[in-house]
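Peer 1: Dropping the structure in here first, questions after.
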Amino acid sequence: MRVRDGYHYRVDFLDAKGRPFGTGRLRPDWVPVVECAHLSAIREGRLPFTVAPGPAVIEPLWDASRGPPYVSRVEVSFAHPEGELAYQVPVHVLREAVQDALAPFVDGVRLKLGDPFHYWVTAYPVSGATTGSADGLALETVAEAHPPALQPMAGLLAAAERHGGVSWHDTDLPIFIPERVLEEAVAAATDAGEREAAGVLLGRFARDPEAGTVYLNVTAQVPAREAVADEASFTFTGSTWAAVSAALALRGAGERIVGWHHSHPRSVWPCAGCECPPERRPTCPSRHPFFSPKDVHLHRTVFQSAFNVALVVSFQADPRPRLDLFGWRWHGVAPRGFYRVGPPVPGSASAGPLEPGAESTADPSLGGQS
Amino acid sequence: MTNVTAIHPRLRLKARDLTGQHQYRFTAPRDASMREVVGSLVQGMGLPERDSSGEPQIFHLYLDRQGRHLRPDESVGEALRDEDELTVHPDVQAG
């Protein structure tokens, strides 16, 4: 994806009383921001449906009271056949990059883990700053229009139950996953024992003809073969992807790759198999959704579109596996809700009452920009 | 007199990411190696050049027409034809 950004960024940190304690270089990853802006524009009917954004331009918008170089919002612009579309987002979408820049200051003196802080993002013009400018190869984006099928959502909703607890946001793209697909992912994870298991999720987009709502139907999962797995990791190799592509072509069902799934065996949890006392349970790490830095990297490397999701099958203290879905939000990957569709497979490991989701612990305390 | 056909010094190619959601057209010089092509594509497609531990992220080019991964030392002129389609495949780890 080509992103033109003619600025470099810094971040100034202030403690809870507003005293400056440091400054650092900010290295924003604009790709998730552009992808989320693109999907939002499609869902709002401001852009025709294409699965990938064309070239985008980033422009910082100055804080009204402080003026340049203080940034309060960022404008993402896309070129499209009818003209140009601008989408404004708050500078908080850079919070992951802010956390990275903050790390050297969390030394117990200037800042302790969990301390509140404030920050200001600043921007300075530079020349020739373009992400996605390839030396020697002039890439031209191919914007293929794939209009989603018109399909009423009411029928799906009637057979669906919400899953995700506090991770559920009404503003998220609705995603429907059949119990059969969940059960297959759980079966693969169970069969793998103390090794991780993984696979790829296939699906199709649809649009409700009455409300105009765009949504995603997950239709199948393809197990990842030709991969290297142990109890703490799962490596997708070129051969894995080639096998997935072959399976997709063989199915010939007009599906696309929309995400992936993998398991976290019981052994990866810090208190694997323990029985936490009731007062500790709300904060026990094994009872919260977990998406490791490696998982985030894989998602960013392969599944960078805003609608791409990751299903995690976790074996924790509860004998029944826990199911969590992760997806892109403006600032990075986070737990999200989804609809479970259809009756549970009788006698399956994923059957039974829905596991309530929990707030992620992966997002540490982050002070808002003053 | 010997008849020769002039060939264009660059091939017109198409590349896509693994999911097929991001597709690009580009031209590449015949003498470029696949190592050079994949490096430029990764940069151009906005893909991470480092993994989560800071090591170089490994990518392969998959030639759809032949159903095989191209070797880094193969040249564009040797391995590819005009209008060939490539898919970028990473070696990437979940944990």
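Going by the structure tokens order, chains are called A, B, ..., each with residues numbered from 1, while ligands are numbered from 1 in the order shown.
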Could you pull the residues within 7 Å of Gln93 (chain B), counting only C-alpha atoms, minus those fewer than 3 positions along the same chain, as a tab-separated table (two decimals) with N, CA, C and O atoms, in the first residue's frame?
Peer 2:
```tsv
chain	number	residue	atom	x	y	z
A	233	SER	N	4.65	-21.92	19.59
A	233	SER	CA	4.62	-21.16	18.34
A	233	SER	C	4.14	-22.03	17.19
A	233	SER	O	4.08	-23.26	17.29
A	234	PHE	N	3.81	-21.35	16.11
A	234	PHE	CA	3.34	-22.00	14.90
A	234	PHE	C	3.89	-21.19	13.74
A	234	PHE	O	3.61	-19.99	13.63
A	235	THR	N	4.69	-21.82	12.88
A	235	THR	CA	5.31	-21.07	11.79
A	235	THR	C	4.62	-21.39	10.47
A	235	THR	O	4.57	-22.54	10.04
A	236	PHE	N	4.06	-20.36	9.87
A	236	PHE	CA	3.49	-20.47	8.52
A	236	PHE	C	4.65	-20.26	7.55
A	236	PHE	O	5.31	-19.21	7.59
A	294	LYS	N	4.05	-11.71	18.65
A	294	LYS	CA	4.22	-12.49	17.42
A	294	LYS	C	2.91	-12.57	16.65
A	294	LYS	O	2.89	-12.51	15.42
A	298	LEU	N	2.23	-11.25	12.89
A	298	LEU	CA	1.68	-12.08	11.82
A	298	LEU	C	0.45	-11.41	11.20
A	298	LEU	O	0.30	-11.33	9.98
```
Peer 1: Write out as a PyMOL selection string every residue belonging to chain A that has an atom at most 8 Å from any atom of chain B, counting only C-alpha atoms.
Peer 2: chain A and resi 1-2+31+51-52+131-143+232-238+241-242+256-258+262+264+292-295+297-298+300-303+305
Peer 1: For the selection you just gave me, I'd like the residues written to a file as a tab-separated table (two decimals), in the first residue's frame, keeping N, CA and C atoms.
Peer 2:
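Generated file (part-v2.tsv):
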```
chain	number	residue	atom	x	y	z
A	1	MET	N	0.85	-1.20	0.00
A	1	MET	CA	0.00	0.00	0.00
A	1	MET	C	0.88	1.25	0.00
A	2	ARG	N	0.54	2.17	-0.86
A	2	ARG	CA	1.33	3.39	-0.95
A	2	ARG	C	0.72	4.47	-0.06
A	31	VAL	N	-0.42	2.09	7.92
A	31	VAL	CA	-1.21	1.12	7.15
A	31	VAL	C	-2.52	0.75	7.84
A	51	VAL	N	-11.78	-4.06	-2.00
A	51	VAL	CA	-11.21	-4.70	-0.81
A	51	VAL	C	-9.94	-4.01	-0.34
A	52	ALA	N	-9.30	-3.23	-1.20
A	52	ALA	CA	-8.05	-2.59	-0.79
A	52	ALA	C	-8.08	-1.11	-1.15
A	131	THR	N	5.88	6.13	2.42
A	131	THR	CA	5.89	4.71	2.73
A	131	THR	C	5.39	3.98	1.50
A	132	GLY	N	6.07	2.91	1.14
A	132	GLY	CA	5.61	2.16	-0.01
A	132	GLY	C	6.17	2.68	-1.32
A	133	SER	N	7.26	3.43	-1.26
A	133	SER	CA	7.93	3.86	-2.47
A	133	SER	C	9.02	2.85	-2.75
A	134	ALA	N	8.86	2.05	-3.79
A	134	ALA	CA	9.79	0.95	-4.02
A	134	ALA	C	10.90	1.37	-4.97
A	135	ASP	N	12.14	1.16	-4.55
A	135	ASP	CA	13.25	1.49	-5.42
A	135	ASP	C	13.19	0.64	-6.68
A	136	GLY	N	13.24	1.27	-7.83
A	136	GLY	CA	13.33	0.54	-9.09
A	136	GLY	C	12.02	-0.04	-9.57
A	137	LEU	N	11.02	-0.20	-8.73
A	137	LEU	CA	9.73	-0.74	-9.16
A	137	LEU	C	8.65	0.29	-8.88
A	138	ALA	N	7.99	0.72	-9.94
A	138	ALA	CA	6.89	1.66	-9.75
A	138	ALA	C	5.61	0.83	-9.63
A	139	LEU	N	5.11	0.71	-8.40
A	139	LEU	CA	3.91	-0.10	-8.18
A	139	LEU	C	2.66	0.71	-8.47
A	140	GLU	N	1.78	0.11	-9.23
A	140	GLU	CA	0.49	0.75	-9.51
A	140	GLU	C	-0.59	-0.12	-8.88
A	141	THR	N	-1.36	0.47	-8.00
A	141	THR	CA	-2.39	-0.30	-7.29
A	141	THR	C	-3.49	-0.73	-8.27
A	142	VAL	N	-3.88	-1.99	-8.19
A	142	VAL	CA	-5.00	-2.48	-8.99
A	142	VAL	C	-6.21	-2.49	-8.08
A	143	ALA	N	-7.12	-1.57	-8.31
A	143	ALA	CA	-8.32	-1.47	-7.47
A	143	ALA	C	-9.45	-2.26	-8.11
A	232	ALA	N	4.69	-23.50	21.81
A	232	ALA	CA	4.64	-22.05	22.02
A	232	ALA	C	4.58	-21.26	20.72
A	233	SER	N	4.65	-21.92	19.59
A	233	SER	CA	4.62	-21.16	18.34
A	233	SER	C	4.14	-22.03	17.19
A	234	PHE	N	3.81	-21.35	16.11
A	234	PHE	CA	3.34	-22.00	14.90
A	234	PHE	C	3.89	-21.19	13.74
A	235	THR	N	4.69	-21.82	12.88
A	235	THR	CA	5.31	-21.07	11.79
A	235	THR	C	4.62	-21.39	10.47
A	236	PHE	N	4.06	-20.36	9.87
A	236	PHE	CA	3.49	-20.47	8.52
A	236	PHE	C	4.65	-20.26	7.55
A	237	THR	N	4.90	-21.21	6.68
A	237	THR	CA	5.98	-21.08	5.70
A	237	THR	C	5.37	-20.84	4.31
A	238	GLY	N	6.25	-20.62	3.35
A	238	GLY	CA	5.77	-20.47	1.97
A	238	GLY	C	4.96	-21.68	1.53
A	241	TRP	N	1.36	-21.47	2.81
A	241	TRP	CA	0.52	-20.55	2.04
A	241	TRP	C	0.17	-21.13	0.66
A	242	ALA	N	1.15	-21.83	0.07
A	242	ALA	CA	0.88	-22.43	-1.25
A	242	ALA	C	-0.24	-23.46	-1.13
A	256	ARG	N	-12.83	-15.55	-0.22
A	256	ARG	CA	-11.52	-14.93	-0.10
A	256	ARG	C	-10.97	-15.21	1.29
A	257	ILE	N	-9.68	-15.04	1.42
A	257	ILE	CA	-9.05	-15.23	2.73
A	257	ILE	C	-9.40	-14.02	3.59
A	258	VAL	N	-10.04	-14.25	4.72
A	258	VAL	CA	-10.50	-13.13	5.56
A	258	VAL	C	-9.86	-13.13	6.95
A	262	HIS	N	-5.70	-19.74	15.37
A	262	HIS	CA	-4.65	-20.56	15.96
A	262	HIS	C	-4.99	-20.81	17.42
A	264	HIS	N	-3.85	-21.54	21.59
A	264	HIS	CA	-2.91	-21.37	22.70
A	264	HIS	C	-3.12	-22.55	23.64
A	292	SER	N	-0.32	-12.36	21.32
A	292	SER	CA	1.08	-12.06	21.60
A	292	SER	C	1.66	-11.08	20.57
A	293	PRO	N	2.83	-10.49	20.87
A	293	PRO	CA	3.50	-9.64	19.86
A	293	PRO	C	3.75	-10.40	18.56
A	294	LYS	N	4.05	-11.71	18.65
A	294	LYS	CA	4.22	-12.49	17.42
A	294	LYS	C	2.91	-12.57	16.65
A	295	ASP	N	1.81	-12.74	17.38
A	295	ASP	CA	0.50	-12.80	16.73
A	295	ASP	C	0.19	-11.47	16.03
A	297	HIS	N	2.35	-9.33	14.93
A	297	HIS	CA	3.23	-9.21	13.76
A	297	HIS	C	2.68	-10.03	12.60
A	298	LEU	N	2.23	-11.25	12.89
A	298	LEU	CA	1.68	-12.08	11.82
A	298	LEU	C	0.45	-11.41	11.20
A	300	ARG	N	-0.27	-8.27	11.14
A	300	ARG	CA	0.13	-7.07	10.38
A	300	ARG	C	0.79	-7.45	9.06
A	301	THR	N	1.53	-8.58	9.05
A	301	THR	CA	2.27	-8.99	7.86
A	301	THR	C	1.35	-9.59	6.81
A	302	VAL	N	0.38	-10.36	7.25
A	302	VAL	CA	-0.45	-11.11	6.30
A	302	VAL	C	-1.87	-10.57	6.20
A	303	PHE	N	-2.41	-10.13	7.31
A	303	PHE	CA	-3.84	-9.79	7.36
A	303	PHE	C	-4.01	-8.31	7.69
A	305	SER	N	-5.72	-5.95	6.08
A	305	SER	CA	-6.99	-5.29	5.77
A	305	SER	C	-7.82	-5.13	7.04
```
Peer 1: Would you list, as a list of chain:residue names, the residues of region 9-54 of chain B that end up in alpha helix (DSSP H) under DSSP run on this structure's backbone?
Peer 2: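 Everything in region 9-54 of chain B that counts as alpha helix (DSSP H) is B:Met34, B:Arg35, B:Glu36, B:Val37, B:Val38, B:Gly39, B:Ser40, B:Leu41, B:Val42, B:Gln43, B:Gly44.
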Peer 1: When you look at Asp31 (chain B) with a cut-off of 7 Å (counting only C-alpha atoms), what residues show up, excluding the ones that are within fewer than 4 positions of it in the same chain? I need them as number ranges by chain.
Peer 2: B: 75-77
Peer 1: Take the residues from that selection and put them in a file with all heavy atoms, as a PDB file, in the first residue's frame.
Peer 2:
```pdb
ATOM      1  N   SER B  75      16.917 -14.743 -11.924  1.00  0.00           N
ATOM      2  CA  SER B  75      16.689 -13.406 -12.464  1.00  0.00           C
ATOM      3  C   SER B  75      15.299 -13.329 -13.076  1.00  0.00           C
ATOM      4  O   SER B  75      14.700 -14.342 -13.458  1.00  0.00           O
ATOM      5  CB  SER B  75      17.744 -13.064 -13.512  1.00  0.00           C
ATOM      6  OG  SER B  75      17.486 -13.775 -14.714  1.00  0.00           O
ATOM      7  N   VAL B  76      14.818 -12.112 -13.188  1.00  0.00           N
ATOM      8  CA  VAL B  76      13.496 -11.879 -13.786  1.00  0.00           C
ATOM      9  C   VAL B  76      13.464 -12.443 -15.206  1.00  0.00           C
ATOM     10  O   VAL B  76      12.522 -13.132 -15.602  1.00  0.00           O
ATOM     11  CB  VAL B  76      13.192 -10.359 -13.785  1.00  0.00           C
ATOM     12  CG1 VAL B  76      11.983 -10.040 -14.654  1.00  0.00           C
ATOM     13  CG2 VAL B  76      12.974  -9.870 -12.360  1.00  0.00           C
ATOM     14  N   GLY B  77      14.523 -12.146 -15.975  1.00  0.00           N
ATOM     15  CA  GLY B  77      14.551 -12.588 -17.373  1.00  0.00           C
ATOM     16  C   GLY B  77      14.549 -14.096 -17.513  1.00  0.00           C
ATOM     17  O   GLY B  77      13.954 -14.648 -18.444  1.00  0.00           O
TER      18      GLY B  77
END
```
Peer 1: What does the distance from CA of Met34 (chain B) to CA of Ser239 (chain A) come to in Å, to one decimal?
Peer 2: 17.6 Å
Peer 1: Tell me, in Å to one decimal, how far CA of Gly165 (chain A) is from CA of Gly114 (chain A).
Peer 2: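 Interatomic distance, CA of Gly165 (chain A) to CA of Gly114 (chain A): 24.5 Å.
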Peer 1: To test your reading of the structure, identify every residue in region 162-302 of chain A that backbone DSSP assigns to strand (DSSP E or B), and report it as a count of residues only.
Peer 2: 40
Peer 1: Which polymer residues have any atom within 12 Å of an atom of Leu113 (chain A), counting only C-alpha atoms, with same-chain residues fewer than 2 positions away left out, as a PDB file with N, CA, C and O atoms, in the first residue's frame?
Peer 2:
```pdb
ATOM      1  N   GLN A  99       3.216   4.385  22.768  1.00  0.00           N
ATOM      2  CA  GLN A  99       3.698   3.444  23.788  1.00  0.00           C
ATOM      3  C   GLN A  99       5.124   2.997  23.493  1.00  0.00           C
ATOM      4  O   GLN A  99       5.948   2.879  24.407  1.00  0.00           O
ATOM      5  N   LEU A 102       7.417   5.671  24.455  1.00  0.00           N
ATOM      6  CA  LEU A 102       7.427   5.891  25.908  1.00  0.00           C
ATOM      7  C   LEU A 102       8.355   4.916  26.632  1.00  0.00           C
ATOM      8  O   LEU A 102       8.897   5.231  27.695  1.00  0.00           O
ATOM      9  N   ALA A 103       8.554   3.738  26.042  1.00  0.00           N
ATOM     10  CA  ALA A 103       9.233   2.639  26.739  1.00  0.00           C
ATOM     11  C   ALA A 103      10.527   3.063  27.455  1.00  0.00           C
ATOM     12  O   ALA A 103      10.735   2.679  28.616  1.00  0.00           O
ATOM     13  N   PRO A 104      11.422   3.856  26.820  1.00  0.00           N
ATOM     14  CA  PRO A 104      12.671   4.201  27.520  1.00  0.00           C
ATOM     15  C   PRO A 104      12.456   5.025  28.789  1.00  0.00           C
ATOM     16  O   PRO A 104      13.356   5.098  29.631  1.00  0.00           O
ATOM     17  N   PHE A 105      11.289   5.640  28.937  1.00  0.00           N
ATOM     18  CA  PHE A 105      11.058   6.509  30.096  1.00  0.00           C
ATOM     19  C   PHE A 105      10.400   5.774  31.263  1.00  0.00           C
ATOM     20  O   PHE A 105      10.255   6.325  32.344  1.00  0.00           O
ATOM     21  N   VAL A 106       9.971   4.539  31.010  1.00  0.00           N
ATOM     22  CA  VAL A 106       9.357   3.763  32.088  1.00  0.00           C
ATOM     23  C   VAL A 106      10.484   3.069  32.847  1.00  0.00           C
ATOM     24  O   VAL A 106      10.746   1.879  32.687  1.00  0.00           O
ATOM     25  N   ASP A 107      11.195   3.850  33.652  1.00  0.00           N
ATOM     26  CA  ASP A 107      12.386   3.355  34.336  1.00  0.00           C
ATOM     27  C   ASP A 107      12.215   3.353  35.852  1.00  0.00           C
ATOM     28  O   ASP A 107      13.176   3.163  36.599  1.00  0.00           O
ATOM     29  N   GLY A 108      10.983   3.602  36.313  1.00  0.00           N
ATOM     30  CA  GLY A 108      10.735   3.613  37.747  1.00  0.00           C
ATOM     31  C   GLY A 108      11.054   4.946  38.389  1.00  0.00           C
ATOM     32  O   GLY A 108      10.701   5.181  39.545  1.00  0.00           O
ATOM     33  N   VAL A 109      11.728   5.816  37.674  1.00  0.00           N
ATOM     34  CA  VAL A 109      12.064   7.143  38.196  1.00  0.00           C
ATOM     35  C   VAL A 109      11.192   8.190  37.515  1.00  0.00           C
ATOM     36  O   VAL A 109      10.390   8.884  38.144  1.00  0.00           O
ATOM     37  N   ARG A 110      11.354   8.273  36.193  1.00  0.00           N
ATOM     38  CA  ARG A 110      10.531   9.243  35.461  1.00  0.00           C
ATOM     39  C   ARG A 110       9.078   8.767  35.376  1.00  0.00           C
ATOM     40  O   ARG A 110       8.153   9.554  35.438  1.00  0.00           O
ATOM     41  N   LEU A 111       8.912   7.475  35.214  1.00  0.00           N
ATOM     42  CA  LEU A 111       7.568   6.910  35.109  1.00  0.00           C
ATOM     43  C   LEU A 111       7.613   5.460  35.576  1.00  0.00           C
ATOM     44  O   LEU A 111       8.568   4.739  35.277  1.00  0.00           O
ATOM     45  N   ASP A 115       1.610   4.252  35.648  1.00  0.00           N
ATOM     46  CA  ASP A 115       1.445   5.682  35.933  1.00  0.00           C
ATOM     47  C   ASP A 115       0.688   6.357  34.792  1.00  0.00           C
ATOM     48  O   ASP A 115       0.942   6.075  33.622  1.00  0.00           O
ATOM     49  N   PRO A 116      -0.207   7.294  35.133  1.00  0.00           N
ATOM     50  CA  PRO A 116      -0.845   8.063  34.058  1.00  0.00           C
ATOM     51  C   PRO A 116       0.140   9.094  33.493  1.00  0.00           C
ATOM     52  O   PRO A 116       1.075   9.520  34.177  1.00  0.00           O
ATOM     53  N   PHE A 117      -0.061   9.463  32.269  1.00  0.00           N
ATOM     54  CA  PHE A 117       0.777  10.498  31.657  1.00  0.00           C
ATOM     55  C   PHE A 117      -0.025  11.163  30.541  1.00  0.00           C
ATOM     56  O   PHE A 117      -1.084  10.684  30.143  1.00  0.00           O
ATOM     57  N   PRO A 364      -1.920  -1.268  27.914  1.00  0.00           N
ATOM     58  CA  PRO A 364      -1.595  -0.680  29.209  1.00  0.00           C
ATOM     59  C   PRO A 364      -2.160   0.711  29.359  1.00  0.00           C
ATOM     60  O   PRO A 364      -2.608   1.314  28.403  1.00  0.00           O
ATOM     61  N   SER A 365      -2.082   1.201  30.569  1.00  0.00           N
ATOM     62  CA  SER A 365      -2.610   2.527  30.863  1.00  0.00           C
ATOM     63  C   SER A 365      -2.000   3.562  29.956  1.00  0.00           C
ATOM     64  O   SER A 365      -0.799   3.600  29.757  1.00  0.00           O
ATOM     65  N   LEU A 366      -2.829   4.347  29.350  1.00  0.00           N
ATOM     66  CA  LEU A 366      -2.334   5.345  28.406  1.00  0.00           C
ATOM     67  C   LEU A 366      -3.033   6.649  28.685  1.00  0.00           C
ATOM     68  O   LEU A 366      -4.247   6.757  28.600  1.00  0.00           O
TER      69      LEU A 366
END
```
Peer 1: To one decimal place, how far is CA of Leu250 (chain A) from CA of Ala220 (chain A) in Å?
Peer 2: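 Computing the Euclidean distance for CA of Leu250 (chain A) and CA of Ala220 (chain A) yields 13.2 Å.
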Peer 1: List the neighbours of Pro265 (chain A) out to 9 Å using only C-alpha atoms; skip same-chain residues closer than 4 positions along the sequence, and give me the result as a ChimeraX atom specification.
Peer 2: /A:189-190,192-197,231-232,269,313-316
Peer 1: Nearest to Phe49 (chain A) among A:Asp5, A:Glu144, A:Asp63, A:Asp100, with distances taken over only C-alpha atoms: which residue is it?
Peer 2: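 Checking each of A:Asp5, A:Glu144, A:Asp63, A:Asp100 against Phe49 (chain A), counting only C-alpha atoms, the winner is A:Glu144.
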